[in-house]
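Below is the file model_31.pdb, which contains PDB, C-alpha atoms.
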```
MODEL        1
ATOM      1  CA  SER A  17       7.621  23.987 -23.767
ATOM      2  CA  SER A  18       8.376  20.502 -25.101
ATOM      3  CA  GLN A  19       6.327  18.986 -22.271
ATOM      4  CA  GLN A  20       3.251  21.044 -23.175
ATOM      5  CA  GLU A  21       3.724  20.143 -26.834
ATOM      6  CA  PHE A  22       3.762  16.490 -25.804
ATOM      7  CA  PHE A  23       0.436  16.818 -23.946
ATOM      8  CA  ASP A  24      -1.118  18.794 -26.800
ATOM      9  CA  SER A  25      -0.111  16.096 -29.269
ATOM     10  CA  LEU A  26      -1.849  13.264 -27.429
ATOM     11  CA  ASP A  27      -4.631  11.491 -29.320
ATOM     12  CA  LEU A  28      -7.591  11.152 -26.932
ATOM     13  CA  GLY A  29      -9.177   8.506 -29.125
ATOM     14  CA  TYR A  30      -6.052   6.342 -28.941
ATOM     15  CA  LEU A  31      -5.712   6.873 -25.193
ATOM     16  CA  SER A  32      -9.368   5.965 -24.744
ATOM     17  CA  GLY A  33      -8.907   2.669 -26.543
ATOM     18  CA  GLU A  34      -5.668   1.761 -24.760
ATOM     19  CA  SER A  35      -6.983   2.596 -21.279
ATOM     20  CA  ASN A  36     -10.415   1.035 -21.845
ATOM     21  CA  ILE A  37     -12.110   4.324 -20.868
ATOM     22  CA  ALA A  38     -14.813   5.431 -23.313
ATOM     23  CA  LEU A  39     -14.812   8.975 -24.676
ATOM     24  CA  GLU A  40     -18.258   9.391 -23.103
ATOM     25  CA  GLU A  41     -16.718   8.585 -19.712
ATOM     26  CA  ILE A  42     -13.983  11.159 -20.333
ATOM     27  CA  ASP A  43     -16.658  13.774 -21.136
ATOM     28  CA  LEU A  44     -18.464  12.837 -17.913
ATOM     29  CA  LEU A  45     -15.238  13.281 -15.939
ATOM     30  CA  LYS A  46     -14.756  16.690 -17.529
ATOM     31  CA  HIS A  47     -18.303  17.630 -16.519
ATOM     32  CA  PHE A  48     -17.828  16.661 -12.885
ATOM     33  CA  SER A  49     -14.360  18.246 -12.773
ATOM     34  CA  LYS A  50     -15.968  21.682 -13.178
ATOM     35  CA  ARG A  51     -17.155  21.394  -9.568
ATOM     36  CA  LYS A  52     -13.804  20.224  -8.262
ATOM     37  CA  LYS A  53     -11.772  21.939  -5.578
ATOM     38  CA  ALA A  54      -8.595  20.334  -6.906
ATOM     39  CA  LEU A  55      -7.595  17.796  -9.521
ATOM     40  CA  THR A  56      -5.890  14.871  -7.810
ATOM     41  CA  ILE A  57      -4.208  11.694  -8.993
ATOM     42  CA  ILE A  58      -4.312   8.981  -6.325
ATOM     43  CA  ILE A  59      -1.433   6.500  -6.455
ATOM     44  CA  GLY A  60      -1.661   3.203  -4.557
ATOM     45  CA  GLU A  61      -0.152  -0.286  -4.547
ATOM     46  CA  ASP A  62      -1.409  -1.016  -8.072
ATOM     47  CA  VAL A  63       1.119   1.516  -9.361
ATOM     48  CA  ILE A  64       3.794   1.213  -6.654
ATOM     49  CA  ASN A  65       4.230  -2.525  -7.329
ATOM     50  CA  HIS A  66       3.712  -2.263 -11.085
ATOM     51  CA  PRO A  67       6.529  -3.772 -13.233
ATOM     52  CA  GLU A  68       7.044  -0.325 -14.814
ATOM     53  CA  SER A  69       6.656   1.657 -11.572
ATOM     54  CA  VAL A  70       9.792   3.774 -12.098
ATOM     55  CA  ASN A  71       8.654   5.030 -15.492
ATOM     56  CA  ILE A  72       5.096   5.570 -14.212
ATOM     57  CA  ALA A  73       6.517   7.651 -11.339
ATOM     58  CA  ARG A  74       8.312   9.866 -13.855
ATOM     59  CA  ILE A  75       5.108  10.320 -15.872
ATOM     60  CA  VAL A  76       3.101  11.158 -12.743
ATOM     61  CA  GLY A  77       5.800  13.603 -11.651
ATOM     62  CA  LEU A  78       5.615  15.365 -15.016
ATOM     63  CA  LEU A  79       1.825  15.553 -14.743
ATOM     64  CA  GLN A  80       2.067  17.223 -11.345
ATOM     65  CA  LYS A  81       4.775  19.595 -12.576
ATOM     66  CA  SER A  82       3.154  20.476 -15.906
ATOM     67  CA  SER A  83      -0.580  20.416 -15.167
ATOM     68  CA  GLU A  84      -3.188  21.297 -12.549
ATOM     69  CA  PHE A  85      -3.075  17.786 -11.094
ATOM     70  CA  LYS A  86      -1.728  17.144  -7.617
ATOM     71  CA  VAL A  87      -0.527  13.695  -6.579
ATOM     72  CA  LEU A  88      -1.704  11.826  -3.479
ATOM     73  CA  ILE A  89       0.311   8.693  -2.645
ATOM     74  CA  ILE A  90      -1.259   5.988  -0.479
ATOM     75  CA  PRO A  91       1.690   4.148   1.132
ATOM     76  CA  PRO A  92       1.486   0.325   1.281
ATOM     77  CA  GLN A  93       2.313   0.178   5.018
ATOM     78  CA  THR A  94       1.944   2.425   8.078
ATOM     79  CA  ASN A  95       5.256   4.315   7.896
ATOM     80  CA  THR A  96       6.444   3.486   4.381
ATOM     81  CA  LEU A  97       6.271   7.156   3.402
ATOM     82  CA  GLY A  98       8.331   8.286   6.395
ATOM     83  CA  VAL A  99      10.995   5.639   5.801
ATOM     84  CA  SER A 100      11.231   6.605   2.128
ATOM     85  CA  GLN A 101      12.038  10.205   3.118
ATOM     86  CA  ILE A 102      14.981   9.417   5.413
ATOM     87  CA  CYS A 103      16.459   6.150   4.092
ATOM     88  CA  GLU A 104      18.496   5.247   1.023
ATOM     89  CA  LEU A 105      17.309   1.816  -0.075
ATOM     90  CA  ASP A 106      19.424  -0.595  -2.112
ATOM     91  CA  GLU A 107      18.046  -2.377  -5.142
ATOM     92  CA  ALA A 108      18.976  -5.727  -3.585
ATOM     93  CA  SER A 109      20.181  -6.787  -0.144
ATOM     94  CA  GLU A 110      23.565  -8.375   0.494
ATOM     95  CA  GLY A 111      24.479 -10.586   3.417
ATOM     96  CA  LEU A 112      22.302 -11.201   6.469
ATOM     97  CA  SER A 113      19.226  -9.071   7.071
ATOM     98  CA  VAL A 114      17.094  -7.826   9.965
ATOM     99  CA  GLY A 115      13.369  -7.531   9.276
ATOM    100  CA  TYR A 116      10.827  -5.431  11.163
ATOM    101  CA  ASN A 117       7.434  -7.166  10.884
ATOM    102  CA  VAL A 118       8.723  -8.969   7.785
ATOM    103  CA  LYS A 119      10.587 -12.248   7.425
ATOM    104  CA  ALA A 120      14.390 -11.973   7.429
ATOM    105  CA  ASP A 121      17.448 -13.752   8.807
ATOM    106  CA  PHE A 122      16.565 -12.150  12.151
ATOM    107  CA  THR A 123      13.022 -10.860  12.588
ATOM    108  CA  LEU A 124      11.740  -8.189  14.961
ATOM    109  CA  SER A 125       7.994  -8.620  15.064
ATOM    110  CA  ALA A 126       4.868  -7.340  16.786
ATOM    111  CA  LYS A 127       2.981 -10.298  15.321
ATOM    112  CA  GLY A 128       4.285 -12.787  17.863
ATOM    113  CA  SER A 129       6.056 -14.856  15.218
ATOM    114  CA  GLY A 130       9.527 -13.277  15.144
ATOM    115  CA  ASP A 131      12.845 -13.870  16.884
ATOM    116  CA  LEU A 132      12.313 -10.873  19.175
ATOM    117  CA  ASP A 133       8.918  -9.405  20.059
ATOM    118  CA  MET A 134       8.243  -5.711  19.420
ATOM    119  CA  PRO A 135       5.332  -3.498  20.512
ATOM    120  CA  ALA A 136       2.367  -3.150  18.160
ATOM    121  CA  LEU A 137       1.425   0.307  16.856
ATOM    122  CA  ASN A 138      -1.009   0.952  19.722
ATOM    123  CA  GLN A 139       1.759   0.109  22.230
ATOM    124  CA  GLN A 140       4.342   2.549  20.889
ATOM    125  CA  GLU A 141       5.309   6.108  21.705
ATOM    126  CA  GLY A 142       6.989   7.756  18.778
ATOM    127  CA  THR A 143       6.266   9.349  15.403
ATOM    128  CA  PHE A 144       5.251   8.415  11.883
ATOM    129  CA  VAL A 145       4.517  10.240   8.620
ATOM    130  CA  ASN A 146       0.865  10.121   7.582
ATOM    131  CA  ILE A 147      -0.730  10.228   4.144
ATOM    132  CA  ASP A 148      -0.747  14.056   4.194
ATOM    133  CA  LYS A 149       3.052  14.109   4.689
ATOM    134  CA  ASP A 150       2.731  15.308   8.262
ATOM    135  CA  LEU A 151       5.106  14.125  10.966
ATOM    136  CA  VAL A 152       2.693  13.227  13.760
ATOM    137  CA  SER A 153       3.080  11.965  17.304
ATOM    138  CA  LEU A 154       1.993   8.527  18.419
ATOM    139  CA  ASN A 155       1.125   7.755  22.039
ATOM    140  CA  ALA A 156       0.838   4.312  23.595
ATOM    141  CA  GLY A 157      -2.731   3.179  24.236
ATOM    142  CA  VAL A 158      -1.941  -0.327  25.520
ATOM    143  CA  LYS A 159       0.793  -1.288  27.985
ATOM    144  CA  TYR A 160       3.851  -3.138  26.702
ATOM    145  CA  SER A 161       6.475  -4.637  29.012
ATOM    146  CA  GLY A 162       8.963  -6.209  26.618
ATOM    147  CA  TYR A 163      11.933  -4.981  24.596
ATOM    148  CA  GLU A 164      11.520  -2.211  22.020
ATOM    149  CA  LEU A 165      13.710  -0.382  19.529
ATOM    150  CA  ASN A 166      15.311   1.890  22.105
ATOM    151  CA  ASP A 167      16.626  -1.144  23.999
ATOM    152  CA  ILE A 168      18.442  -2.193  20.832
ATOM    153  CA  ALA A 169      19.744   1.370  20.343
ATOM    154  CA  CYS A 170      21.066   1.442  23.916
ATOM    155  CA  ALA A 171      22.740  -1.946  23.446
ATOM    156  CA  LEU A 172      24.546  -0.409  20.456
ATOM    157  CA  GLY A 173      25.782   2.477  22.589
ATOM    158  CA  LEU A 174      23.395   5.306  21.670
ATOM    159  CA  GLU A 175      22.131   5.695  25.262
ATOM    160  CA  LYS A 176      18.840   7.588  24.967
ATOM    161  CA  GLU A 177      16.311   7.085  27.754
ATOM    162  CA  ASN A 178      13.319   7.025  25.386
ATOM    163  CA  VAL A 179      12.947   6.484  21.643
ATOM    164  CA  ILE A 180      11.080   9.820  21.306
ATOM    165  CA  GLU A 181      14.364  11.619  22.040
ATOM    166  CA  TYR A 182      15.446  10.765  18.493
ATOM    167  CA  THR A 183      12.610  12.855  16.970
ATOM    168  CA  SER A 184      14.825  15.880  16.291
ATOM    169  CA  GLU A 185      17.425  13.626  14.626
ATOM    170  CA  LEU A 186      15.132  12.049  12.029
ATOM    171  CA  GLY A 187      15.896  14.683   9.408
ATOM    172  CA  PHE A 188      12.522  16.445   9.554
ATOM    173  CA  GLY A 189      13.733  19.491  11.491
ATOM    174  CA  GLU A 190      14.888  20.287  15.014
ATOM    175  CA  ILE A 191      11.432  19.930  16.568
ATOM    176  CA  THR A 192      11.156  17.657  19.602
ATOM    177  CA  PHE A 193       8.463  15.062  20.248
ATOM    178  CA  ASP A 194       6.718  17.193  22.890
ATOM    179  CA  GLU A 195       6.646  20.182  20.524
ATOM    180  CA  LEU A 196       4.613  18.340  17.864
ATOM    181  CA  PRO A 197       1.103  19.878  17.876
ATOM    182  CA  ASN A 198      -1.769  17.522  18.622
ATOM    183  CA  SER A 199      -5.037  19.288  19.385
ATOM    184  CA  ILE A 200      -8.668  19.846  18.372
ATOM    185  CA  ASP A 201     -10.196  23.308  18.790
ATOM    186  CA  PRO A 202     -13.878  23.944  19.736
ATOM    187  CA  SER A 203     -14.842  24.206  16.048
ATOM    188  CA  GLY A 204     -13.506  20.713  15.395
ATOM    189  CA  LYS A 205     -10.375  21.782  13.511
ATOM    190  CA  ILE A 206      -7.573  19.289  14.022
ATOM    191  CA  THR A 207      -3.990  20.523  14.348
ATOM    192  CA  ARG A 208      -1.671  17.551  14.325
ATOM    193  CA  GLY A 209       2.007  17.293  13.505
ATOM    194  CA  ILE A 210       4.156  19.347  11.155
ATOM    195  CA  LYS A 211       4.357  19.314   7.370
ATOM    196  CA  ILE A 212       7.565  17.734   6.089
ATOM    197  CA  GLU A 213       9.443  18.695   2.952
ATOM    198  CA  SER A 214       9.452  15.988   0.318
ATOM    199  CA  LYS A 215      12.805  14.464  -0.483
ATOM    200  CA  SER A 216      14.019  15.739  -3.824
ATOM    201  CA  ASN A 217      14.584  13.260  -6.616
ATOM    202  CA  THR A 218      18.030  13.604  -8.142
ATOM    203  CA  GLN A 219      17.611  10.706 -10.587
ATOM    204  CA  ASN A 220      17.273  11.142 -14.326
ATOM    205  CA  ALA A 221      13.576  11.913 -14.870
ATOM    206  CA  LEU A 222      13.603  11.053 -18.578
ATOM    207  CA  VAL A 223      10.358   9.287 -19.439
ATOM    208  CA  GLU A 224      10.909   6.100 -21.394
ATOM    209  CA  ASP A 225       8.670   4.906 -24.201
ATOM    210  CA  VAL A 226       5.790   2.836 -22.863
ATOM    211  CA  GLU A 227       6.031  -0.759 -24.006
ATOM    212  CA  ASP A 228       3.241  -3.309 -24.086
ATOM    213  CA  LEU A 229       3.116  -5.549 -21.024
ATOM    214  CA  ASP A 230       2.947  -9.301 -21.334
ATOM    215  CA  GLU A 231      -0.631 -10.511 -21.598
ATOM    216  CA  PHE A 232      -2.256 -12.114 -18.574
ATOM    217  CA  ASN A 233      -3.942 -15.211 -19.896
ATOM    218  CA  GLY A 234      -5.478 -18.118 -18.029
ATOM    219  CA  THR A 235      -6.575 -17.816 -14.407
ATOM    220  CA  VAL A 236      -5.789 -14.371 -12.995
ATOM    221  CA  VAL A 237      -6.563 -13.177  -9.455
ATOM    222  CA  TYR A 238      -6.346  -9.694  -7.981
ATOM    223  CA  SER A 239      -5.024  -9.063  -4.445
ATOM    224  CA  CYS A 240      -7.743  -7.132  -2.626
ATOM    225  CA  ASN A 241      -8.716  -7.032   1.067
ATOM    226  CA  PRO A 242     -12.149  -6.614   2.693
ATOM    227  CA  LEU A 243     -13.031  -3.150   4.010
ATOM    228  CA  ASP A 244     -12.547  -4.192   7.646
ATOM    229  CA  GLN A 245      -9.343  -6.203   7.187
ATOM    230  CA  PHE A 246      -6.038  -4.593   6.229
ATOM    231  CA  ASN A 247      -3.270  -6.873   7.505
ATOM    232  CA  VAL A 248      -2.341  -9.556  10.031
ATOM    233  CA  PHE A 249      -2.941  -7.107  12.894
ATOM    234  CA  THR A 250      -6.579  -6.544  12.001
ATOM    235  CA  GLU A 251      -6.969 -10.270  11.482
ATOM    236  CA  ASN A 252      -5.954 -10.828  15.113
ATOM    237  CA  CYS A 253      -7.955  -7.881  16.465
ATOM    238  CA  LYS A 254     -10.521  -9.047  19.035
ATOM    239  CA  GLN A 255     -12.643  -5.942  18.441
ATOM    240  CA  ILE A 256     -13.492  -7.000  14.883
ATOM    241  CA  VAL A 257     -16.636  -9.057  15.364
ATOM    242  CA  GLU A 258     -16.109 -11.794  12.846
ATOM    243  CA  LYS A 259     -15.897 -15.548  13.172
ATOM    244  CA  LYS A 260     -12.439 -16.904  12.515
ATOM    245  CA  SER A 261     -13.313 -19.699  10.137
ATOM    246  CA  ALA A 262     -12.203 -20.876   6.722
ATOM    247  CA  GLY A 263     -15.266 -19.183   5.247
ATOM    248  CA  ASN A 264     -13.794 -15.760   6.015
ATOM    249  CA  TYR A 265     -10.768 -16.451   3.834
ATOM    250  CA  GLU A 266     -12.583 -16.502   0.538
ATOM    251  CA  LEU A 267     -11.647 -16.116  -3.080
ATOM    252  CA  ILE A 268     -14.423 -13.788  -4.220
ATOM    253  CA  ALA A 269     -15.138 -14.335  -7.887
ATOM    254  CA  SER A 270     -17.520 -13.246 -10.604
ATOM    255  CA  LYS A 271     -19.831 -15.763 -12.192
ATOM    256  CA  GLN A 272     -17.776 -15.542 -15.394
ATOM    257  CA  PHE A 273     -14.583 -16.401 -13.487
ATOM    258  CA  ALA A 274     -16.169 -19.437 -11.829
ATOM    259  CA  THR A 275     -17.511 -20.665 -15.169
ATOM    260  CA  ALA A 276     -14.189 -20.150 -16.955
ATOM    261  CA  ALA A 277     -12.290 -21.955 -14.160
ATOM    262  CA  ASN A 278     -14.946 -24.704 -13.999
ATOM    263  CA  LEU A 279     -15.491 -24.105 -10.284
ATOM    264  CA  LYS A 280     -18.583 -24.363  -8.123
ATOM    265  CA  PRO A 281     -19.458 -21.961  -5.268
ATOM    266  CA  GLY A 282     -18.077 -23.356  -2.018
ATOM    267  CA  SER A 283     -15.182 -25.183  -3.650
ATOM    268  CA  VAL A 284     -11.935 -24.978  -1.680
ATOM    269  CA  VAL A 285      -9.006 -24.130  -3.933
ATOM    270  CA  LYS A 286      -5.252 -23.949  -3.381
ATOM    271  CA  PHE A 287      -2.793 -21.772  -5.301
ATOM    272  CA  THR A 288       0.602 -20.084  -4.866
ATOM    273  CA  ILE A 289       1.574 -16.406  -5.284
ATOM    274  CA  ASP A 290       5.086 -15.075  -4.697
ATOM    275  CA  GLY A 291       6.051 -18.235  -2.811
ATOM    276  CA  GLU A 292       3.027 -18.021  -0.488
ATOM    277  CA  GLU A 293       0.428 -20.794  -0.542
ATOM    278  CA  PHE A 294      -3.226 -19.780  -0.279
ATOM    279  CA  ILE A 295      -6.200 -21.979   0.582
ATOM    280  CA  ARG A 296      -9.462 -20.191  -0.174
ATOM    281  CA  LYS A 297     -13.146 -21.025  -0.300
ATOM    282  CA  LEU A 298     -14.736 -19.828  -3.535
ATOM    283  CA  LYS A 299     -17.546 -17.316  -3.166
ATOM    284  CA  VAL A 300     -19.417 -16.139  -6.262
ATOM    285  CA  ASP A 301     -20.530 -12.502  -6.200
ATOM    286  CA  LYS A 302     -23.310 -11.931  -8.739
ATOM    287  CA  ASN A 303     -22.671  -8.166  -8.679
ATOM    288  CA  MET A 304     -19.161  -8.572 -10.083
ATOM    289  CA  THR A 305     -18.654  -8.350 -13.836
ATOM    290  CA  GLY A 306     -15.785  -9.545 -15.981
ATOM    291  CA  THR A 307     -13.617 -12.614 -15.539
ATOM    292  CA  VAL A 308     -12.067 -11.577 -12.242
ATOM    293  CA  ALA A 309     -11.486 -12.864  -8.699
ATOM    294  CA  PHE A 310     -10.423 -10.964  -5.560
ATOM    295  CA  ASN A 311      -7.930 -12.699  -3.274
ATOM    296  CA  PRO A 312      -7.458 -11.246   0.250
ATOM    297  CA  ASN A 313      -3.930 -11.214   1.704
ATOM    298  CA  PHE A 314      -4.556  -9.710   5.162
ATOM    299  CA  ASP A 315      -3.677 -13.019   6.817
ATOM    300  CA  LEU A 316      -0.170 -13.083   5.322
ATOM    301  CA  ASP A 317       2.771 -12.734   7.709
ATOM    302  CA  THR A 318       4.844 -11.090   4.989
ATOM    303  CA  VAL A 319       4.788  -7.922   2.887
ATOM    304  CA  SER A 320       4.469  -8.734  -0.784
ATOM    305  CA  SER A 321       6.228  -6.636  -3.398
ATOM    306  CA  GLU A 322       4.429  -8.343  -6.240
ATOM    307  CA  TYR A 323       2.071  -6.694  -8.706
ATOM    308  CA  ARG A 324      -1.553  -7.081  -7.619
ATOM    309  CA  TYR A 325      -2.541  -9.087 -10.696
ATOM    310  CA  ASN A 326      -1.194 -12.637 -10.645
ATOM    311  CA  GLN A 327      -1.622 -15.576 -12.960
ATOM    312  CA  VAL A 328      -2.195 -18.704 -10.886
ATOM    313  CA  LYS A 329      -2.942 -22.402 -11.170
ATOM    314  CA  LEU A 330      -5.933 -23.412  -9.077
ATOM    315  CA  LYS A 331      -6.005 -26.851  -7.497
ATOM    316  CA  VAL A 332      -9.400 -27.957  -6.177
ATOM    317  CA  GLU A 333      -9.181 -29.409  -2.672
ATOM    318  CA  ASN A 334     -12.819 -30.528  -2.517
ATOM    319  CA  GLU A 335     -16.065 -30.472  -4.490
TER     320      GLU A 335
ENDMDL
END
```
Could you quickly redo this structure as structure tokens?
Amino acid sequence: SSQQEFFDSLDLGYLSGESNIALEEIDLLKHFSKRKKALTIIIGEDVINHPESVNIARIVGLLQKSSEFKVLIIPPQTNTLGVSQICELDEASEGLSVGYNVKADFTLSAKGSGDLDMPALNQQEGTFVNIDKDLVSLNAGVKYSGYELNDIACALGLEKENVIEYTSELGFGEITFDELPNSIDPSGKITRGIKIESKSNTQNALVEDVEDLDEFNGTVVYSCNPLDQFNVFTENCKQIVEKKSAGNYELIASKQFATAANLKPGSVVKFTIDGEEFIRKLKVDKNMTGTVAFNPNFDLDTVSSEYRYNQVKLKVENE
């Protein structure tokens, strides 16, 4: 086929140079792949928010269709994958907007900063789609006494007693909430939820020629969170034993980055990304190589759609 001819025609030497992966590293990957159970491409926010994400998605789709590789997508937020399967999203919004845990003209929020409070994930009874594309049940672990989505639905005339009664109307089949499996057998095997069928893509899948991206010169930071902090909910979690001080909101940089930016360890710097202002204390990690700095964004009250690499101007607040 023409697709196979395309793959056969690829120059590994050229690809190695363009991707900054040495041929020796490719040989090592081939060696380890002999022991693999499956070849998997993992797609995360780096690709989802990439300026050429649409074309990359087409390339990844062709790889899954034309090779042994399977694709695993890590959604940016808890139920992003589920929403993508049942909603048609516009390129741009028109008129007033309602945001759920994001800023909008009217904001529904479990963060305590919106126009109308909503239950947090551990206070909800409902469903979401996990990373394995399973529709799974969610039971409330903490009591919540305020308004929730079903109150809004009832106010609009839908009149269901509980939000879980909408489970069979989500588009994932006629199964009800109580019919969703959720068990562990004596051997430890977990049976949870039902597999959903992926939404078919009816768009033109023609792969466009890959063009060079604009160079990132100057001071560039990479959005990256600590292992124990994912978002504003974990930041406010009392169970995470960590002092809430300015020192925990650090810009973690390599020695090369600090030297290039003429910064000393402990300096407090201010910069702006996607309209959000950050104030971070510089921490130099001697184990990091390259001119790079990691900027956490778990304390943001918004969901950024920006590419993870950002060119910034650092302003030193102290010395």
For a test of reading the model, state the distance in Å between atom CA of A:Asp150 and atom CA of A:Lys211, rounded to one decimal.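 Computed distance, atom CA of A:Asp150 to atom CA of A:Lys211, equals 4.4 Å.
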Selection result for the PyMOL selection byres ((chain A and resi 290) around 10) on this file, as a PDB file with C-alpha atoms, keeping the file's coordinate frame:
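Done, and the output landed in out.pdb:
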```
ATOM      1  CA  THR A 288       0.602 -20.084  -4.866  1.00  0.00           C
ATOM      2  CA  ILE A 289       1.574 -16.406  -5.284  1.00  0.00           C
ATOM      3  CA  GLY A 291       6.051 -18.235  -2.811  1.00  0.00           C
ATOM      4  CA  GLU A 292       3.027 -18.021  -0.488  1.00  0.00           C
ATOM      5  CA  GLU A 293       0.428 -20.794  -0.542  1.00  0.00           C
ATOM      6  CA  SER A 320       4.469  -8.734  -0.784  1.00  0.00           C
ATOM      7  CA  SER A 321       6.228  -6.636  -3.398  1.00  0.00           C
ATOM      8  CA  GLU A 322       4.429  -8.343  -6.240  1.00  0.00           C
ATOM      9  CA  TYR A 323       2.071  -6.694  -8.706  1.00  0.00           C
ATOM     10  CA  ASN A 326      -1.194 -12.637 -10.645  1.00  0.00           C
TER      11      ASN A 326
END
```
Name all residues at most 12 Å from A:Pro242 (count all atoms listed in the file; drop same-chain ones fewer than 5 positions away) and give them as a list in words. Asn247, Thr250, Glu251, Asn264, Tyr265, Glu266, Leu267, Ile268, Phe310, Asn311, Pro312, Asn313, Phe314 and Asp315 of chain A
Find the axis-aligned box for stretch 288-294 of chain A, covering all its listed atoms and adding 3 Å on each side, and write its centre and edge lengths in Å to one decimal as AutoDock Vina command-line options.
```
--center_x 1.4 --center_y -17.9 --center_z -2.8 --size_x 15.3 --size_y 11.7 --size_z 11.0
```
Atomic distance atom CA of A:Phe246 - atom CA of A:Ile90, expressed in Å with one decimal: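 About the pair atom CA of A:Phe246 and atom CA of A:Ile90: they are 13.4 Å apart.
This file, queried with the PyMOL selection byres ((chain A and resi 230) around 12), gives the residues Pro67, Glu68, Glu227, Asp228, Leu229, Glu231, Phe232, Asn233, Tyr325, Asn326 and Gln327 of chain A.
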Atom CA of A:Ile64 to atom CA of A:Pro92 measures 8.3 Å
Contacts of A:Val87 within 10 Å, all atoms listed in the file, excl. fewer than 3 positions in-chain, as a list in words: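 The residues that qualify are Leu55, Thr56, Ile57, Ile58, Ile59, Val76, Gly77, Leu79, Gln80, Lys81 and Ile90 of chain A.
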Can you translate the PyMOL selection byres ((chain A and resi 193) around 8) into the concrete residues it hits in this file, as a list in words?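 Selected by the PyMOL selection byres ((chain A and resi 193) around 8) in this file: Gly142, Thr143, Ser153, Ile180, Glu181, Thr183, Ser184, Ile191, Thr192, Asp194, Glu195 and Leu196 of chain A.
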Pull C-alpha atoms from the residues just selected and write them as an mmCIF file, keeping the file's coordinate frame.
```
data_model
loop_
_atom_site.group_PDB
_atom_site.id
_atom_site.type_symbol
_atom_site.label_atom_id
_atom_site.label_comp_id
_atom_site.auth_asym_id
_atom_site.auth_seq_id
_atom_site.Cartn_x
_atom_site.Cartn_y
_atom_site.Cartn_z
ATOM 1 C CA GLY A 142 6.989 7.756 18.778
ATOM 2 C CA THR A 143 6.266 9.349 15.403
ATOM 3 C CA SER A 153 3.080 11.965 17.304
ATOM 4 C CA ILE A 180 11.080 9.820 21.306
ATOM 5 C CA GLU A 181 14.364 11.619 22.040
ATOM 6 C CA THR A 183 12.610 12.855 16.970
ATOM 7 C CA SER A 184 14.825 15.880 16.291
ATOM 8 C CA ILE A 191 11.432 19.930 16.568
ATOM 9 C CA THR A 192 11.156 17.657 19.602
ATOM 10 C CA ASP A 194 6.718 17.193 22.890
ATOM 11 C CA GLU A 195 6.646 20.182 20.524
ATOM 12 C CA LEU A 196 4.613 18.340 17.864
#
```
So, counting only C-alpha atoms, which residue among A:Cys240, A:Ala277, A:Cys253, A:Ala269 is closest to A:Lys127?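 Of A:Cys240, A:Ala277, A:Cys253, A:Ala269, the one nearest A:Lys127 is A:Cys253, counting only C-alpha atoms.
Using only C-alpha atoms, the nearest neighbour of A:Leu316 within the list A:Leu174, A:Leu97, A:Ile295, A:Val226 is A:Ile295.
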Find the residues with any atom within 12 Å of (16.8, -9.3, 12.4); use all atoms listed in the file and the coordinates as given in the file, and write the answer as a PyMOL selection string. chain A and resi 111-125+130-134+165+168
Env of A:Val300: 12 Å cut, atoms = only C-alpha atoms, seq-sep filter 2 positions within chain, self excluded. Answer as a PyMOL selection string. chain A and resi 266-275+279-283+297-298+302-305+307-310
Would you put the residues from that selection into a file with C-alpha atoms, as a PDB file, in the coordinates of the input?
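Output (out05.pdb):
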```pdb
ATOM      1  CA  GLU A 266     -12.583 -16.502   0.538  1.00  0.00           C
ATOM      2  CA  LEU A 267     -11.647 -16.116  -3.080  1.00  0.00           C
ATOM      3  CA  ILE A 268     -14.423 -13.788  -4.220  1.00  0.00           C
ATOM      4  CA  ALA A 269     -15.138 -14.335  -7.887  1.00  0.00           C
ATOM      5  CA  SER A 270     -17.520 -13.246 -10.604  1.00  0.00           C
ATOM      6  CA  LYS A 271     -19.831 -15.763 -12.192  1.00  0.00           C
ATOM      7  CA  GLN A 272     -17.776 -15.542 -15.394  1.00  0.00           C
ATOM      8  CA  PHE A 273     -14.583 -16.401 -13.487  1.00  0.00           C
ATOM      9  CA  ALA A 274     -16.169 -19.437 -11.829  1.00  0.00           C
ATOM     10  CA  THR A 275     -17.511 -20.665 -15.169  1.00  0.00           C
ATOM     11  CA  LEU A 279     -15.491 -24.105 -10.284  1.00  0.00           C
ATOM     12  CA  LYS A 280     -18.583 -24.363  -8.123  1.00  0.00           C
ATOM     13  CA  PRO A 281     -19.458 -21.961  -5.268  1.00  0.00           C
ATOM     14  CA  GLY A 282     -18.077 -23.356  -2.018  1.00  0.00           C
ATOM     15  CA  SER A 283     -15.182 -25.183  -3.650  1.00  0.00           C
ATOM     16  CA  LYS A 297     -13.146 -21.025  -0.300  1.00  0.00           C
ATOM     17  CA  LEU A 298     -14.736 -19.828  -3.535  1.00  0.00           C
ATOM     18  CA  LYS A 302     -23.310 -11.931  -8.739  1.00  0.00           C
ATOM     19  CA  ASN A 303     -22.671  -8.166  -8.679  1.00  0.00           C
ATOM     20  CA  MET A 304     -19.161  -8.572 -10.083  1.00  0.00           C
ATOM     21  CA  THR A 305     -18.654  -8.350 -13.836  1.00  0.00           C
ATOM     22  CA  THR A 307     -13.617 -12.614 -15.539  1.00  0.00           C
ATOM     23  CA  VAL A 308     -12.067 -11.577 -12.242  1.00  0.00           C
ATOM     24  CA  ALA A 309     -11.486 -12.864  -8.699  1.00  0.00           C
ATOM     25  CA  PHE A 310     -10.423 -10.964  -5.560  1.00  0.00           C
TER      26      PHE A 310
END
```
How would you write as a ChimeraX atom specification the residues that get within 9 Å of (14.4, 3.6, 22.5) in the file's frame, counting all atoms listed in the file? /A:164-170,175-182
Kindly indicate which residue among A:Asn71, A:Gln245, A:Asn36, A:Ser100 lies nearest to A:Val223, using only C-alpha atoms for the distances.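 Nearest to A:Val223: A:Asn71.
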